Amino acid sequence: MRSGADPSWDRVARLAIALGAVARALWALFLHLPVDHVYSDAQSYVESAMRLAKWAAPVRFDAFYPPGTQVVLAVPLALIGADRDGLLAAAIVWTILSAITPLFVWRYTLLVLSRPAAALATVLCAAWPIHIAYTGYFMSETPGMAFLVLSLWLAERARRERGIMSGLGAGLAGGFAAVTRPAFVLNVLLGAVPLVRARALVRPAIALAAGVLLMLALAVVHNSLVVGQLSGISENSGLTFYLGHCDVHAVRTTRSDGITYVFATPVATQLDRGADVTFAERDIWDERFFYSEGLRCIANDGLSHARILLRNVFDMGLSTVPWPPSNDPGVREVVSLANILYVLALPFVVLGSVRLVRRRWPEGGGRGELMLLGQLALVLVTAVVFLGDPRFRTPYDVFGLALLGSLIADRFVVARSAAAASSHPDVRADDGVEQDGERVLGRSEPSREVDADQASAAESDRAPAVRTDDDAAQHGRTLEGDEAVPAEELGRVRPRVHEVPPVGPAAVEPEITSDAQPVLAAGLASRNGDAPDRGAGDEDAAGVAPAGDRSGEEVHPAPFDER
């Protein structure tokens, strides 16, 4: 057990992870089977995965979405069968991925936050209703979020241990997260910054980069083989860009062979906003065309286009209910309430975290909160560059919830510990309790925790205060929580140290003031509501029927059938 760390916080985190897993299993395997809610984006994922599992010839549309979700689905379909039984096995896979995400959040935050903060972050993530609800749909949020947090945890481990294998694992997991949700590549790159800036971490950084590039290369090869020419990770970014920067409700494309595609964003569908647009003799995956149309809208708007960008940012939060839970009565109300509470609390969480970082920075703290703030801020890139949708924001909620856990710990745990410590006769009242002591981009800081069980004798002859820096921690061995300690064991420092003088004059007890104190250490379903028909969701927008003379009636395009 590490000094200054109450092991009961570990029990709290483990209990939250277990209860979160039970809640997800009940939801996705009994109450809301994903196999009974296969439509729009989920239908495209499932159909592509079935062709992949059977090694069938792909169709052109298989390259429209990033391939990560289809690959995850294809594994149980290939092992069990490309039928309902295989989809039931896929539901188990989705449950496992959703259930282990809070575990990854805990392991990651243990390395960047205090132990109480990490436990509280885990509790919040394990109980988050929005993430539980998404377990009941074959959507990209669940696997993308699991692999992203896994990548960040392994990257932080590689930084502390200088481990090549941890760096490679972080790269592979991060690369797979990126080929599931392309926007996550920015989060992976941000998590790799500490590795890139340290000379001693060159090999882990190279291993991480190799893992990311390998996953991206495999995705490009897959889509290029499907398309028959060099292609990117997906072919829906142009359409998403167009829908986000033009005042459009639904986009319809028709081809000479009779195939029709209809797409719209869940936000535009729920708000009935924008105009319906039809493009004849145009492919829905014609990215160059849709990018040019989007740029034309920006040019026509001029400075007034800032209103569209602000609207996209707002659409990430309160304007609508996250889709597809918005389609299901009962689920919609729970997810809507959680979404509203989170979005209203988020500005206060961000401001409180900024203040916490500023307060701790002079003492060498706040690195973990700063990293989480950076990860959370990347959600704005999607809103500004492409479009705003609360569905896009939901994976980033893990960072906001972790920051909230840190603030709660700082307010109710660290503050009480500081008060208790200051009342101790051997501790000065002005001695501070530091919660996070890691080096920020090459900056030396006080050690966050010292393992009392691995202590050796400390010098008493006016020894300087014990300090560790990042490099020392990286050379050390790891303990529970994957926390590194210096290879040279530090001594158990007592409140008072007495020198025993030789025979002679009376012993003089030196006055020693200790500033070191322990630290306290996330089949097809019936459509109703605003259910789209063919989605362009996270990497896309959810497809719905365009408005016409048949008000409220959906058009169901069949992209894989000749009409």
# chains A, B, ... in the order shown; residues from 1 in each chain; ligands from 1

call {"tool": "residues_around", "arguments": {"residues": "Thr254 in chain A", "least_positions_apart": "2", "cutoff": "8 Å", "atoms": "only C-alpha atoms", "output": "PDB file with N, CA and C atoms, in the first residue's frame"}}
result
ATOM      1  N   ARG A 252     -30.341  14.116 -51.144  1.00  0.00           N
ATOM      2  CA  ARG A 252     -30.709  12.946 -51.941  1.00  0.00           C
ATOM      3  C   ARG A 252     -29.828  12.918 -53.184  1.00  0.00           C
ATOM      4  N   SER A 256     -27.749   6.871 -62.404  1.00  0.00           N
ATOM      5  CA  SER A 256     -28.376   6.400 -63.638  1.00  0.00           C
ATOM      6  C   SER A 256     -28.869   4.963 -63.511  1.00  0.00           C
ATOM      7  N   GLY A 258     -30.431   3.839 -61.022  1.00  0.00           N
ATOM      8  CA  GLY A 258     -31.637   3.838 -60.218  1.00  0.00           C
ATOM      9  C   GLY A 258     -31.419   3.817 -58.725  1.00  0.00           C
ATOM     10  N   ILE A 259     -30.187   3.674 -58.258  1.00  0.00           N
ATOM     11  CA  ILE A 259     -29.917   3.642 -56.817  1.00  0.00           C
ATOM     12  C   ILE A 259     -30.019   5.054 -56.257  1.00  0.00           C
ATOM     13  N   THR A 260     -30.729   5.183 -55.143  1.00  0.00           N
ATOM     14  CA  THR A 260     -30.935   6.471 -54.486  1.00  0.00           C
ATOM     15  C   THR A 260     -30.441   6.387 -53.047  1.00  0.00           C
ATOM     16  N   TYR A 261     -29.761   7.435 -52.612  1.00  0.00           N
ATOM     17  CA  TYR A 261     -29.328   7.549 -51.223  1.00  0.00           C
ATOM     18  C   TYR A 261     -29.938   8.813 -50.641  1.00  0.00           C
ATOM     19  N   THR A 278     -31.499  17.782 -53.797  1.00  0.00           N
ATOM     20  CA  THR A 278     -31.351  16.581 -54.625  1.00  0.00           C
ATOM     21  C   THR A 278     -30.260  16.813 -55.666  1.00  0.00           C
ATOM     22  N   PHE A 279     -29.381  15.849 -55.804  1.00  0.00           N
ATOM     23  CA  PHE A 279     -28.322  15.894 -56.810  1.00  0.00           C
ATOM     24  C   PHE A 279     -28.491  14.678 -57.719  1.00  0.00           C
ATOM     25  N   ALA A 280     -28.814  14.944 -58.966  1.00  0.00           N
ATOM     26  CA  ALA A 280     -28.981  13.859 -59.941  1.00  0.00           C
ATOM     27  C   ALA A 280     -27.630  13.485 -60.537  1.00  0.00           C
ATOM     28  N   GLU A 281     -27.518  12.225 -60.911  1.00  0.00           N
ATOM     29  CA  GLU A 281     -26.293  11.715 -61.533  1.00  0.00           C
ATOM     30  C   GLU A 281     -25.059  12.018 -60.674  1.00  0.00           C
ATOM     31  N   ARG A 282     -25.211  11.813 -59.384  1.00  0.00           N
ATOM     32  CA  ARG A 282     -24.114  12.100 -58.463  1.00  0.00           C
ATOM     33  C   ARG A 282     -24.035  10.973 -57.438  1.00  0.00           C
ATOM     34  N   ASP A 283     -22.806  10.522 -57.136  1.00  0.00           N
ATOM     35  CA  ASP A 283     -22.598   9.489 -56.122  1.00  0.00           C
ATOM     36  C   ASP A 283     -22.523  10.124 -54.746  1.00  0.00           C
TER      37      ASP A 283
END

call {"tool": "residues_around", "arguments": {"residues": "Ala177 in chain A", "least_positions_apart": "5", "cutoff": "7 Å", "atoms": "only C-alpha atoms", "output": "MDAnalysis selection string"}}
result
chainID A and resid 144 147:148 184

call {"tool": "select_by_dssp", "arguments": {"residues": "range 289-365 of chain A", "states": "alpha helix (DSSP H)", "output": "ChimeraX atom specification"}}
result
/A:289-301,305-315,331-360

call {"tool": "closest_residue", "arguments": {"among": "A:Leu225, A:Ala23, A:Leu33, A:Ile130", "to": "Val335 in chain A", "atoms": "only C-alpha atoms"}}
result
A:Ile130

call {"tool": "atom_distance", "arguments": {"atom1": "CA of Leu351 in chain A", "atom2": "CA of Arg181 in chain A"}}
result
28.0 Å

call {"tool": "atom_distance", "arguments": {"atom1": "CA of Leu190 in chain A", "atom2": "CA of Trp153 in chain A"}}
result
12.6 Å

call {"tool": "closest_atom_pairs", "arguments": {"of": "range 206-251 of chain A", "to": "range 304-312 of chain A", "cutoff": "12 Å", "atoms": "only C-alpha atoms", "output": "JSON lines"}}
result
{"residue": "A:Phe241", "atom": "CA", "partner": "A:Asn312", "partner_atom": "CA", "distance": 11.6}
{"residue": "A:Leu243", "atom": "CA", "partner": "A:Asn312", "partner_atom": "CA", "distance": 10.8}
{"residue": "A:Gly244", "atom": "CA", "partner": "A:Asn312", "partner_atom": "CA", "distance": 7.3}
{"residue": "A:His245", "atom": "CA", "partner": "A:Ile308", "partner_atom": "CA", "distance": 6.7}
{"residue": "A:Cys246", "atom": "CA", "partner": "A:Ile308", "partner_atom": "CA", "distance": 8.2}
{"residue": "A:Asp247", "atom": "CA", "partner": "A:Ile308", "partner_atom": "CA", "distance": 8.5}
{"residue": "A:Val248", "atom": "CA", "partner": "A:Ile308", "partner_atom": "CA", "distance": 11.7}

call {"tool": "closest_residue", "arguments": {"among": "A:Thr265, A:Ser114, A:Asn223, A:Thr180", "to": "Gln70 in chain A", "atoms": "only C-alpha atoms"}}
result
A:Thr180

call {"tool": "closest_residue", "arguments": {"among": "A:Ala183, A:Leu110, A:Leu380, A:Val202", "to": "Gly163 in chain A", "atoms": "only C-alpha atoms"}}
result
A:Val202

call {"tool": "select_by_dssp", "arguments": {"residues": "range 200-310 of chain A", "states": "strand (DSSP E or B)", "output": "JSON, numbers by chain"}}
result
{"A": [248, 249, 250, 251, 252, 253, 254, 260, 261, 262, 263, 275, 276, 277, 278, 279, 280]}

call {"tool": "write_last_selection", "arguments": {"atoms": "N, CA, C and O atoms", "output": "compact mmCIF listing (two decimals), in the first residue's frame"}}
result
# COMPACT_ATOMS: atom_id res chain seq x y z
N VAL A 248 -28.90 22.70 -44.69
CA VAL A 248 -29.50 21.58 -45.40
C VAL A 248 -30.20 20.67 -44.41
O VAL A 248 -29.68 20.39 -43.31
N HIS A 249 -31.38 20.19 -44.80
CA HIS A 249 -32.09 19.21 -43.99
C HIS A 249 -31.75 17.79 -44.44
O HIS A 249 -31.34 16.96 -43.64
N ALA A 250 -31.91 17.52 -45.70
CA ALA A 250 -31.65 16.19 -46.23
C ALA A 250 -31.02 16.30 -47.61
O ALA A 250 -31.30 17.23 -48.37
N VAL A 251 -30.16 15.34 -47.91
CA VAL A 251 -29.47 15.29 -49.21
C VAL A 251 -29.88 13.99 -49.89
O VAL A 251 -29.77 12.91 -49.30
N ARG A 252 -30.34 14.12 -51.14
CA ARG A 252 -30.71 12.95 -51.94
C ARG A 252 -29.83 12.92 -53.18
O ARG A 252 -29.66 13.94 -53.86
N THR A 253 -29.25 11.76 -53.44
CA THR A 253 -28.50 11.58 -54.68
C THR A 253 -29.13 10.43 -55.45
O THR A 253 -29.54 9.42 -54.87
N THR A 254 -29.22 10.60 -56.75
CA THR A 254 -29.75 9.54 -57.62
C THR A 254 -28.72 9.23 -58.69
O THR A 254 -28.00 10.12 -59.16
N THR A 260 -30.73 5.18 -55.14
CA THR A 260 -30.94 6.47 -54.49
C THR A 260 -30.44 6.39 -53.05
O THR A 260 -30.69 5.40 -52.35
N TYR A 261 -29.76 7.44 -52.61
CA TYR A 261 -29.33 7.55 -51.22
C TYR A 261 -29.94 8.81 -50.64
O TYR A 261 -30.00 9.85 -51.30
N VAL A 262 -30.36 8.75 -49.39
CA VAL A 262 -30.89 9.92 -48.68
C VAL A 262 -30.19 10.01 -47.33
O VAL A 262 -30.16 9.03 -46.57
N PHE A 263 -29.63 11.18 -47.03
CA PHE A 263 -28.92 11.39 -45.77
C PHE A 263 -29.36 12.70 -45.15
O PHE A 263 -29.66 13.67 -45.86
N ALA A 275 -33.18 22.93 -45.77
CA ALA A 275 -33.90 22.59 -47.01
C ALA A 275 -33.45 21.23 -47.52
O ALA A 275 -32.34 20.77 -47.25
N ASP A 276 -34.35 20.58 -48.26
CA ASP A 276 -34.02 19.31 -48.91
C ASP A 276 -33.35 19.59 -50.25
O ASP A 276 -33.80 20.45 -51.01
N VAL A 277 -32.29 18.85 -50.53
CA VAL A 277 -31.50 19.07 -51.74
C VAL A 277 -31.36 17.74 -52.47
O VAL A 277 -31.13 16.70 -51.84
N THR A 278 -31.50 17.78 -53.80
CA THR A 278 -31.35 16.58 -54.63
C THR A 278 -30.26 16.81 -55.67
O THR A 278 -30.23 17.86 -56.31
N PHE A 279 -29.38 15.85 -55.80
CA PHE A 279 -28.32 15.89 -56.81
C PHE A 279 -28.49 14.68 -57.72
O PHE A 279 -28.35 13.53 -57.27
N ALA A 280 -28.81 14.94 -58.97
CA ALA A 280 -28.98 13.86 -59.94
C ALA A 280 -27.63 13.48 -60.54
O ALA A 280 -26.73 14.33 -60.65

call {"tool": "residues_around", "arguments": {"residues": "Val343 in chain A", "least_positions_apart": "4", "cutoff": "8 Å", "atoms": "only C-alpha atoms", "output": "ChimeraX atom specification"}}
result
/A:317-318,339,347

call {"tool": "atom_distance", "arguments": {"atom1": "CA of Ala146 in chain A", "atom2": "CA of Thr95 in chain A"}}
result
11.1 Å

call {"tool": "residues_around", "arguments": {"residues": "Leu15 in chain A", "least_positions_apart": "4", "cutoff": "10 Å", "atoms": "only C-alpha atoms", "output": "list of chain:residue names"}}
result
A:Trp9, A:Asp10, A:Arg11, A:Leu19, A:Gly20, A:Ala21, A:Ala119, A:Thr122, A:Val123, A:Ala126

call {"tool": "write_last_selection", "arguments": {"atoms": "C-alpha atoms", "output": "compact mmCIF listing (two decimals), in the first residue's frame"}}
result
# COMPACT_ATOMS: atom_id res chain seq x y z
CA TRP A 9 -10.62 4.14 -3.04
CA ASP A 10 -9.46 1.15 -5.07
CA ARG A 11 -12.36 -0.85 -3.71
CA LEU A 19 -21.77 -2.64 -11.13
CA GLY A 20 -21.34 -0.79 -14.42
CA ALA A 21 -20.66 -4.08 -16.19
CA ALA A 119 -11.85 6.41 -8.28
CA THR A 122 -14.37 5.70 -12.63
CA VAL A 123 -17.63 5.83 -10.69
CA ALA A 126 -19.31 3.46 -15.03

call {"tool": "closest_residue", "arguments": {"among": "A:Val185, A:Ile17, A:Ala91, A:Val381", "to": "Val38 in chain A", "atoms": "only C-alpha atoms"}}
result
A:Ala91
